[in-house]
Amino acid sequence: MSLTSTSLLILAACVTIGAPVATYLLWNRARGPRPVRAASRLGLIGLCQATMLLLVGLLINNHYDLYASWSDLLGDDGGGPVALHQATRTATDLNQSGTPATDPNANPNANPNPNPNANRQPQLGFGGGGQSAHGTAPNPAGTVNPANVPKPVFVPGGHDTQVAAFRGPLSGIGGNGGDVAVWLPPQYNQPAYANTRFPVIMLFPGYPGSPAGWFSVLDGGGVLQQMLAKQQATPFVLVAVNVNQNGQNLNCSNIPGGPQMATYIAEDVRTMIEANFHVSDKRTGWGLMGFSDGGLCAGKLLVQYPQYFRSAAQMAGDSTPDGRQVVRAGTDFVDQNSTLWLLTHRHPGPDQPVSLLAAVSDQDTDSLPVAFQLQAAAPDIVSVSEHAHGAHNPAVWRSWLPEMYTWLSQHLDSAQPAG
């Protein structure tokens with residue numbers, strides 16, 4: 001009997017109804033000393049509570065597709081992807097052997113694989129010479145922040161992060177505790193990397209969710225640190241953003257006459273991070289990643305702001321916004337903030353190529369078709385990582401993080417020590 005089967009749901013409903021009936025019939029039939037009778041009756045009450053919780057849990061699970069199977073519930077993520085359906089325009093991938101570490105002005109008629117060694121393992125920025133992919137050294141610590149850029153106060157957060165309340169000067173959003181959480185790789189404070197501008201991945205939670213979830217539940221920093229120790233990824237600065245300000249699901253959009261969340265992310269937070277940390281100031285050094293509704297943020301912002309971001313990875317991401325304020329703004333506005341519509345009608349040009357990875361599971365029936373719809377709309381941009389197992393839950397997305405970091409290491413500038 002599968003976890004999401006109708007038969008299990010019917011059985012749970014019958015047990016939930018039967019438990020109070022059994023309690024009524026057995027209440028006065030308890031035998032033994034008073035403590036024994038009391039314990040028996042408490043057990044009957046507990047049984048009623050447990051069966052009710054079981055039924056409610058099954059209903060919630062079936063509605064939100066949180067766990068697709070018993071193995072999924074027990075933490076078996078099913079291993080690696082079933083298949084990687086690669087985008088057709090691999091010539092614009094960064095950090096591939098023989099390709100430049102900055103965006104080329106891609107020629108759509110060019111040979112898609114001019115380099116015979118292009119299928120070799122990508123270089124992830126370890127042990128190489130030079131300073132960074134841009135070759136420019138950041139300002140010394142303490143002089144990074146220009147006078148006209150806000151300098152929020154970062155305080156230690158959980159899981160080796162720094163957190164700050166940050167009100168965006170352009171959007172007017174923020175100012176609450178935990179607006180931005182920053183995780184720095186170990187290399188950030190090493191002398192060899194003193195003149196390196198690190199690539200950045202902006203992280204978006206689902207709804208409801210907070211930036212802290214990226215580093216607690218998903219252990220985004222811990223997973224990357226383990227990969228760095230094995231030289232399996234490039235040292236990224238991770239920046240998690242509170243996209244659900246005041247509990248609102250804005251789908252990372254600029255609401256007409258309301259909160260300007262897209263501006264907050266792409267303009268305010270990005271500028272603030274560039275000014276306060278030794279990070280890249282090039283689009284090829286900035287990526288996006290999110291899960292569920294946060295995956296929608298990553299995908300659509302990539303297409304809306306190709307001048308700022310080069311690559312994005314979405315895990316079980318949506319393609320069409322459904323936040324209340326977005327829907328109220330009308331169907332045209334919903335379309336203009338839909339990744340699928342944007343890829344179809346606002347396809348980024350060859351002068352600013354972008355790459356999007358959509359990771360999905362065959363058991364997540366909501367996001368599975370979305371990924372292939374995105375690839376059908378833009379096969380030169382979208383790659384699909386298809387997994388056999390895993391529903392719509394953080395344990396599954398955490399197990400996918402190594403794959404996401406590896407892919408982003410191939411599609412963003414690397415961070416290399418100087419000399």
# chains A, B, ... in the order shown; residues from 1 in each chain; ligands from 1

call {"tool": "residues_around", "arguments": {"residues": "A:Ala83", "least_positions_apart": "6", "cutoff": "10 Å", "atoms": "only C-alpha atoms", "output": "JSON, numbers by chain"}}
result
{"A": [384, 385, 386, 387, 388]}

call {"tool": "write_last_selection", "arguments": {"atoms": "N, CA and C atoms", "output": "PDB file, in the first residue's frame"}}
result
ATOM      1  N   VAL A 384      17.545  19.994 -18.108  1.00  0.00           N
ATOM      2  CA  VAL A 384      16.668  19.355 -17.129  1.00  0.00           C
ATOM      3  C   VAL A 384      17.395  18.179 -16.496  1.00  0.00           C
ATOM      4  N   SER A 385      17.466  18.200 -15.169  1.00  0.00           N
ATOM      5  CA  SER A 385      18.007  17.079 -14.413  1.00  0.00           C
ATOM      6  C   SER A 385      16.837  16.301 -13.834  1.00  0.00           C
ATOM      7  N   GLU A 386      16.594  15.121 -14.390  1.00  0.00           N
ATOM      8  CA  GLU A 386      15.421  14.324 -14.037  1.00  0.00           C
ATOM      9  C   GLU A 386      15.820  13.212 -13.062  1.00  0.00           C
ATOM     10  N   HIS A 387      15.179  13.201 -11.893  1.00  0.00           N
ATOM     11  CA  HIS A 387      15.441  12.196 -10.874  1.00  0.00           C
ATOM     12  C   HIS A 387      14.279  11.215 -10.787  1.00  0.00           C
ATOM     13  N   ALA A 388      14.583   9.992 -10.368  1.00  0.00           N
ATOM     14  CA  ALA A 388      13.542   8.964 -10.289  1.00  0.00           C
ATOM     15  C   ALA A 388      12.683   9.119  -9.049  1.00  0.00           C
TER      16      ALA A 388
END

call {"tool": "residues_around", "arguments": {"residues": "A:Glu403", "least_positions_apart": "3", "cutoff": "12 Å", "atoms": "only C-alpha atoms", "output": "list in words"}}
result
Gly79, Gly80, Pro81, Leu84, Val223, Leu224, Met227, Gln232, Ala233, Ala313, Gln314, Met315, Leu357, Ala358, Ala359, Val384, Ser385, Glu386, His387, Trp397, Arg398, Ser399, Trp400, Thr406, Trp407, Leu408, Ser409 and Gln410 of chain A

call {"tool": "residues_around", "arguments": {"residues": "stretch 367-376 of chain A", "least_positions_apart": "6", "cutoff": "7 Å", "atoms": "only C-alpha atoms", "output": "NGL selection string"}}
result
:A and (316-319 or 340 or 358 or 360-361 or 382-384)

call {"tool": "write_last_selection", "arguments": {"atoms": "N, CA, C and O atoms", "output": "mmCIF file, in the first residue's frame"}}
result
data_model
loop_
_atom_site.group_PDB
_atom_site.id
_atom_site.type_symbol
_atom_site.label_atom_id
_atom_site.label_comp_id
_atom_site.auth_asym_id
_atom_site.auth_seq_id
_atom_site.Cartn_x
_atom_site.Cartn_y
_atom_site.Cartn_z
ATOM 1 N N ALA A 316 12.632 21.785 -8.264
ATOM 2 C CA ALA A 316 11.180 21.644 -8.164
ATOM 3 C C ALA A 316 10.508 23.005 -8.260
ATOM 4 O O ALA A 316 9.584 23.316 -7.510
ATOM 5 N N GLY A 317 10.984 23.813 -9.183
ATOM 6 C CA GLY A 317 10.494 25.182 -9.297
ATOM 7 C C GLY A 317 9.220 25.294 -10.106
ATOM 8 O O GLY A 317 8.924 24.477 -10.977
ATOM 9 N N ASP A 318 8.464 26.329 -9.800
ATOM 10 C CA ASP A 318 7.275 26.663 -10.575
ATOM 11 C C ASP A 318 7.688 27.467 -11.808
ATOM 12 O O ASP A 318 8.830 27.915 -11.930
ATOM 13 N N SER A 319 6.734 27.673 -12.712
ATOM 14 C CA SER A 319 7.009 28.524 -13.870
ATOM 15 C C SER A 319 6.068 29.716 -13.944
ATOM 16 O O SER A 319 6.341 30.678 -14.651
ATOM 17 N N LEU A 340 8.106 30.678 -18.009
ATOM 18 C CA LEU A 340 7.736 30.079 -19.292
ATOM 19 C C LEU A 340 7.391 31.147 -20.314
ATOM 20 O O LEU A 340 7.857 31.105 -21.463
ATOM 21 N N ALA A 358 16.919 23.012 -14.487
ATOM 22 C CA ALA A 358 15.697 22.683 -13.758
ATOM 23 C C ALA A 358 15.806 21.250 -13.248
ATOM 24 O O ALA A 358 15.821 20.306 -14.037
ATOM 25 N N VAL A 360 14.200 18.133 -11.254
ATOM 26 C CA VAL A 360 12.856 17.651 -10.944
ATOM 27 C C VAL A 360 12.902 16.161 -10.638
ATOM 28 O O VAL A 360 13.895 15.488 -10.919
ATOM 29 N N SER A 361 11.822 15.679 -10.071
ATOM 30 C CA SER A 361 11.670 14.256 -9.786
ATOM 31 C C SER A 361 10.453 13.725 -10.517
ATOM 32 O O SER A 361 9.443 14.423 -10.668
ATOM 33 N N VAL A 382 17.777 25.946 -21.353
ATOM 34 C CA VAL A 382 17.325 25.130 -20.232
ATOM 35 C C VAL A 382 17.839 23.697 -20.338
ATOM 36 O O VAL A 382 17.654 23.026 -21.362
ATOM 37 N N SER A 383 18.469 23.234 -19.270
ATOM 38 C CA SER A 383 18.799 21.825 -19.082
ATOM 39 C C SER A 383 17.894 21.275 -17.995
ATOM 40 O O SER A 383 17.525 21.987 -17.058
ATOM 41 N N VAL A 384 17.545 19.994 -18.108
ATOM 42 C CA VAL A 384 16.668 19.355 -17.129
ATOM 43 C C VAL A 384 17.395 18.179 -16.496
ATOM 44 O O VAL A 384 17.887 17.297 -17.198
#

call {"tool": "atom_distance", "arguments": {"atom1": "atom CA of A:Gly206", "atom2": "atom CA of A:Cys297"}}
result
9.1 Å

call {"tool": "residues_around", "arguments": {"residues": "stretch 330-338 of chain A", "least_positions_apart": "4", "cutoff": "8 Å", "atoms": "only C-alpha atoms", "output": "ChimeraX atom specification"}}
result
/A:253,296,300,319-322,326,342

call {"tool": "write_last_selection", "arguments": {"atoms": "all heavy atoms", "output": "tab-separated table (two decimals), in the first residue's frame"}}
result
chain	number	residue	atom	x	y	z
A	253	SER	N	8.51	39.69	-7.56
A	253	SER	CA	8.00	40.56	-8.61
A	253	SER	C	7.86	42.00	-8.12
A	253	SER	O	7.70	42.24	-6.92
A	253	SER	CB	6.64	40.06	-9.12
A	253	SER	OG	6.72	38.73	-9.56
A	296	LEU	N	11.01	29.45	-8.90
A	296	LEU	CA	10.42	30.42	-9.83
A	296	LEU	C	11.20	31.72	-9.81
A	296	LEU	O	11.49	32.30	-10.87
A	296	LEU	CB	8.95	30.67	-9.46
A	296	LEU	CG	8.28	31.86	-10.13
A	296	LEU	CD1	8.15	31.64	-11.63
A	296	LEU	CD2	6.91	32.13	-9.52
A	300	LYS	N	12.90	33.13	-13.29
A	300	LYS	CA	12.37	34.32	-13.95
A	300	LYS	C	13.31	35.51	-13.83
A	300	LYS	O	13.45	36.30	-14.77
A	300	LYS	CB	10.98	34.66	-13.40
A	300	LYS	CG	10.93	35.49	-12.14
A	300	LYS	CD	9.52	35.79	-11.72
A	300	LYS	CE	9.45	36.87	-10.66
A	300	LYS	NZ	9.76	38.21	-11.19
A	319	SER	N	6.73	27.67	-12.71
A	319	SER	CA	7.01	28.52	-13.87
A	319	SER	C	6.07	29.72	-13.94
A	319	SER	O	6.34	30.68	-14.65
A	319	SER	CB	6.88	27.72	-15.17
A	319	SER	OG	5.54	27.31	-15.39
A	320	THR	N	4.97	29.67	-13.19
A	320	THR	CA	3.98	30.74	-13.24
A	320	THR	C	3.68	31.20	-11.82
A	320	THR	O	3.37	30.38	-10.95
A	320	THR	CB	2.68	30.26	-13.91
A	320	THR	OG1	2.98	29.80	-15.23
A	320	THR	CG2	1.67	31.39	-14.00
A	321	PRO	N	3.75	32.50	-11.56
A	321	PRO	CA	3.50	33.01	-10.19
A	321	PRO	C	2.05	32.87	-9.79
A	321	PRO	O	1.14	32.97	-10.63
A	321	PRO	CB	3.92	34.47	-10.28
A	321	PRO	CG	3.76	34.83	-11.72
A	321	PRO	CD	4.09	33.58	-12.49
A	322	ASP	N	1.82	32.64	-8.50
A	322	ASP	CA	0.46	32.51	-8.00
A	322	ASP	C	0.24	33.27	-6.70
A	322	ASP	O	-0.76	33.07	-6.01
A	322	ASP	CB	0.10	31.04	-7.79
A	322	ASP	CG	1.05	30.33	-6.83
A	322	ASP	OD1	1.97	30.99	-6.30
A	322	ASP	OD2	0.87	29.11	-6.61
A	326	VAL	N	0.34	39.27	-7.00
A	326	VAL	CA	0.67	39.12	-8.42
A	326	VAL	C	-0.59	38.82	-9.22
A	326	VAL	O	-0.84	39.43	-10.27
A	326	VAL	CB	1.71	38.00	-8.61
A	326	VAL	CG1	2.01	37.79	-10.09
A	326	VAL	CG2	2.99	38.31	-7.85
A	342	LEU	N	8.31	34.30	-20.28
A	342	LEU	CA	9.51	35.10	-20.55
A	342	LEU	C	10.45	34.39	-21.52
A	342	LEU	O	11.00	35.01	-22.44
A	342	LEU	CB	10.24	35.40	-19.24
A	342	LEU	CG	9.56	36.41	-18.30
A	342	LEU	CD1	10.17	36.34	-16.91
A	342	LEU	CD2	9.67	37.82	-18.87

call {"tool": "select_by_dssp", "arguments": {"residues": "stretch 194-419 of chain A", "states": "strand (DSSP E or B)", "output": "PyMOL selection string"}}
result
chain A and resi 198+200-204+237-241+254+260+279+286-291+311-315+355-361+382-387

call {"tool": "write_last_selection", "arguments": {"atoms": "N, CA, C and O atoms", "output": "short mmCIF file (atom, residue, chain, number, x, y, z; two decimals), in the first residue's frame"}}
result
data_model
loop_
_atom_site.label_atom_id
_atom_site.label_comp_id
_atom_site.auth_asym_id
_atom_site.auth_seq_id
_atom_site.Cartn_x
_atom_site.Cartn_y
_atom_site.Cartn_z
N PHE A 198 35.06 36.87 -5.51
CA PHE A 198 34.39 35.58 -5.48
C PHE A 198 33.05 35.63 -6.23
O PHE A 198 32.32 36.62 -6.16
N VAL A 200 29.11 34.69 -6.76
CA VAL A 200 28.02 34.72 -5.79
C VAL A 200 26.85 33.89 -6.30
O VAL A 200 26.53 33.92 -7.49
N ILE A 201 26.23 33.16 -5.38
CA ILE A 201 24.95 32.51 -5.67
C ILE A 201 23.91 33.12 -4.72
O ILE A 201 24.04 33.04 -3.50
N MET A 202 22.89 33.75 -5.28
CA MET A 202 21.78 34.24 -4.48
C MET A 202 20.79 33.11 -4.29
O MET A 202 20.43 32.41 -5.24
N LEU A 203 20.33 32.92 -3.05
CA LEU A 203 19.48 31.80 -2.68
C LEU A 203 18.10 32.29 -2.28
O LEU A 203 17.97 33.27 -1.53
N PHE A 204 17.07 31.59 -2.76
CA PHE A 204 15.69 31.98 -2.48
C PHE A 204 14.92 30.82 -1.87
O PHE A 204 14.91 29.72 -2.45
N VAL A 237 30.38 32.65 -2.66
CA VAL A 237 29.74 33.37 -1.56
C VAL A 237 28.24 33.14 -1.71
O VAL A 237 27.68 33.39 -2.79
N LEU A 238 27.59 32.66 -0.66
CA LEU A 238 26.16 32.38 -0.70
C LEU A 238 25.40 33.51 -0.04
O LEU A 238 25.73 33.91 1.08
N VAL A 239 24.39 34.02 -0.73
CA VAL A 239 23.60 35.14 -0.22
C VAL A 239 22.12 34.76 -0.27
O VAL A 239 21.53 34.69 -1.35
N ALA A 240 21.55 34.45 0.89
CA ALA A 240 20.13 34.10 0.96
C ALA A 240 19.31 35.36 1.26
O ALA A 240 19.67 36.14 2.15
N VAL A 241 18.22 35.53 0.52
CA VAL A 241 17.43 36.76 0.60
C VAL A 241 16.02 36.44 1.10
O VAL A 241 15.41 35.44 0.67
N ASN A 254 7.89 42.94 -9.05
CA ASN A 254 7.62 44.34 -8.76
C ASN A 254 6.13 44.58 -8.89
O ASN A 254 5.60 44.74 -9.99
N GLN A 260 8.35 46.30 -4.40
CA GLN A 260 9.19 46.12 -5.58
C GLN A 260 10.27 45.06 -5.26
O GLN A 260 11.44 45.37 -5.09
N VAL A 279 33.47 40.38 -3.87
CA VAL A 279 32.75 39.51 -4.79
C VAL A 279 32.80 40.10 -6.20
O VAL A 279 33.15 41.27 -6.41
N TRP A 286 27.64 36.01 -11.12
CA TRP A 286 26.44 36.01 -10.29
C TRP A 286 25.45 34.97 -10.78
O TRP A 286 25.07 34.95 -11.96
N GLY A 287 25.05 34.08 -9.85
CA GLY A 287 24.07 33.06 -10.16
C GLY A 287 22.91 33.09 -9.18
O GLY A 287 22.94 33.81 -8.17
N LEU A 288 21.90 32.29 -9.46
CA LEU A 288 20.67 32.25 -8.67
C LEU A 288 20.29 30.80 -8.42
O LEU A 288 20.52 29.93 -9.27
N MET A 289 19.71 30.53 -7.27
CA MET A 289 19.22 29.18 -6.99
C MET A 289 18.05 29.26 -6.01
O MET A 289 18.05 30.06 -5.08
N GLY A 290 17.04 28.42 -6.23
CA GLY A 290 15.89 28.42 -5.35
C GLY A 290 15.14 27.11 -5.45
O GLY A 290 15.33 26.33 -6.39
N PHE A 291 14.29 26.85 -4.46
CA PHE A 291 13.45 25.66 -4.48
C PHE A 291 11.98 26.07 -4.39
O PHE A 291 11.63 27.08 -3.79
N SER A 311 23.63 32.55 -14.70
CA SER A 311 23.10 31.19 -14.62
C SER A 311 22.21 31.04 -13.39
O SER A 311 22.35 31.76 -12.40
N ALA A 312 21.30 30.06 -13.48
CA ALA A 312 20.39 29.80 -12.36
C ALA A 312 20.06 28.32 -12.31
O ALA A 312 20.04 27.63 -13.34
N ALA A 313 19.80 27.85 -11.10
CA ALA A 313 19.36 26.47 -10.87
C ALA A 313 18.08 26.51 -10.04
O ALA A 313 18.04 27.18 -9.01
N GLN A 314 17.06 25.82 -10.51
CA GLN A 314 15.82 25.77 -9.75
C GLN A 314 15.50 24.31 -9.44
O GLN A 314 15.59 23.43 -10.29
N MET A 315 15.15 24.06 -8.18
CA MET A 315 14.81 22.73 -7.72
C MET A 315 13.31 22.65 -7.48
O MET A 315 12.78 23.37 -6.63
N SER A 355 22.03 30.48 -18.75
CA SER A 355 21.81 29.03 -18.63
C SER A 355 20.94 28.77 -17.42
O SER A 355 21.13 29.37 -16.36
N LEU A 356 20.00 27.84 -17.58
CA LEU A 356 19.08 27.49 -16.50
C LEU A 356 19.03 25.98 -16.36
O LEU A 356 18.84 25.26 -17.34
N LEU A 357 19.21 25.48 -15.13
CA LEU A 357 19.07 24.07 -14.83
C LEU A 357 17.82 23.86 -13.99
O LEU A 357 17.66 24.47 -12.93
N ALA A 358 16.92 23.01 -14.49
CA ALA A 358 15.70 22.68 -13.76
C ALA A 358 15.81 21.25 -13.25
O ALA A 358 15.82 20.31 -14.04
N ALA A 359 15.91 21.08 -11.93
CA ALA A 359 16.00 19.76 -11.33
C ALA A 359 14.61 19.33 -10.86
O ALA A 359 13.93 20.08 -10.15
N VAL A 360 14.20 18.13 -11.25
CA VAL A 360 12.86 17.65 -10.94
C VAL A 360 12.90 16.16 -10.64
O VAL A 360 13.90 15.49 -10.92
N SER A 361 11.82 15.68 -10.07
CA SER A 361 11.67 14.26 -9.79
C SER A 361 10.45 13.73 -10.52
O SER A 361 9.44 14.42 -10.67
N VAL A 382 17.78 25.95 -21.35
CA VAL A 382 17.32 25.13 -20.23
C VAL A 382 17.84 23.70 -20.34
O VAL A 382 17.65 23.03 -21.36
N SER A 383 18.47 23.23 -19.27
CA SER A 383 18.80 21.82 -19.08
C SER A 383 17.89 21.27 -17.99
O SER A 383 17.52 21.99 -17.06
N VAL A 384 17.54 19.99 -18.11
CA VAL A 384 16.67 19.36 -17.13
C VAL A 384 17.40 18.18 -16.50
O VAL A 384 17.89 17.30 -17.20
N SER A 385 17.47 18.20 -15.17
CA SER A 385 18.01 17.08 -14.41
C SER A 385 16.84 16.30 -13.83
O SER A 385 16.16 16.76 -12.92
N GLU A 386 16.59 15.12 -14.39
CA GLU A 386 15.42 14.32 -14.04
C GLU A 386 15.82 13.21 -13.06
O GLU A 386 16.68 12.39 -13.37
N HIS A 387 15.18 13.20 -11.89
CA HIS A 387 15.44 12.20 -10.87
C HIS A 387 14.28 11.22 -10.79
O HIS A 387 13.13 11.57 -11.05
#
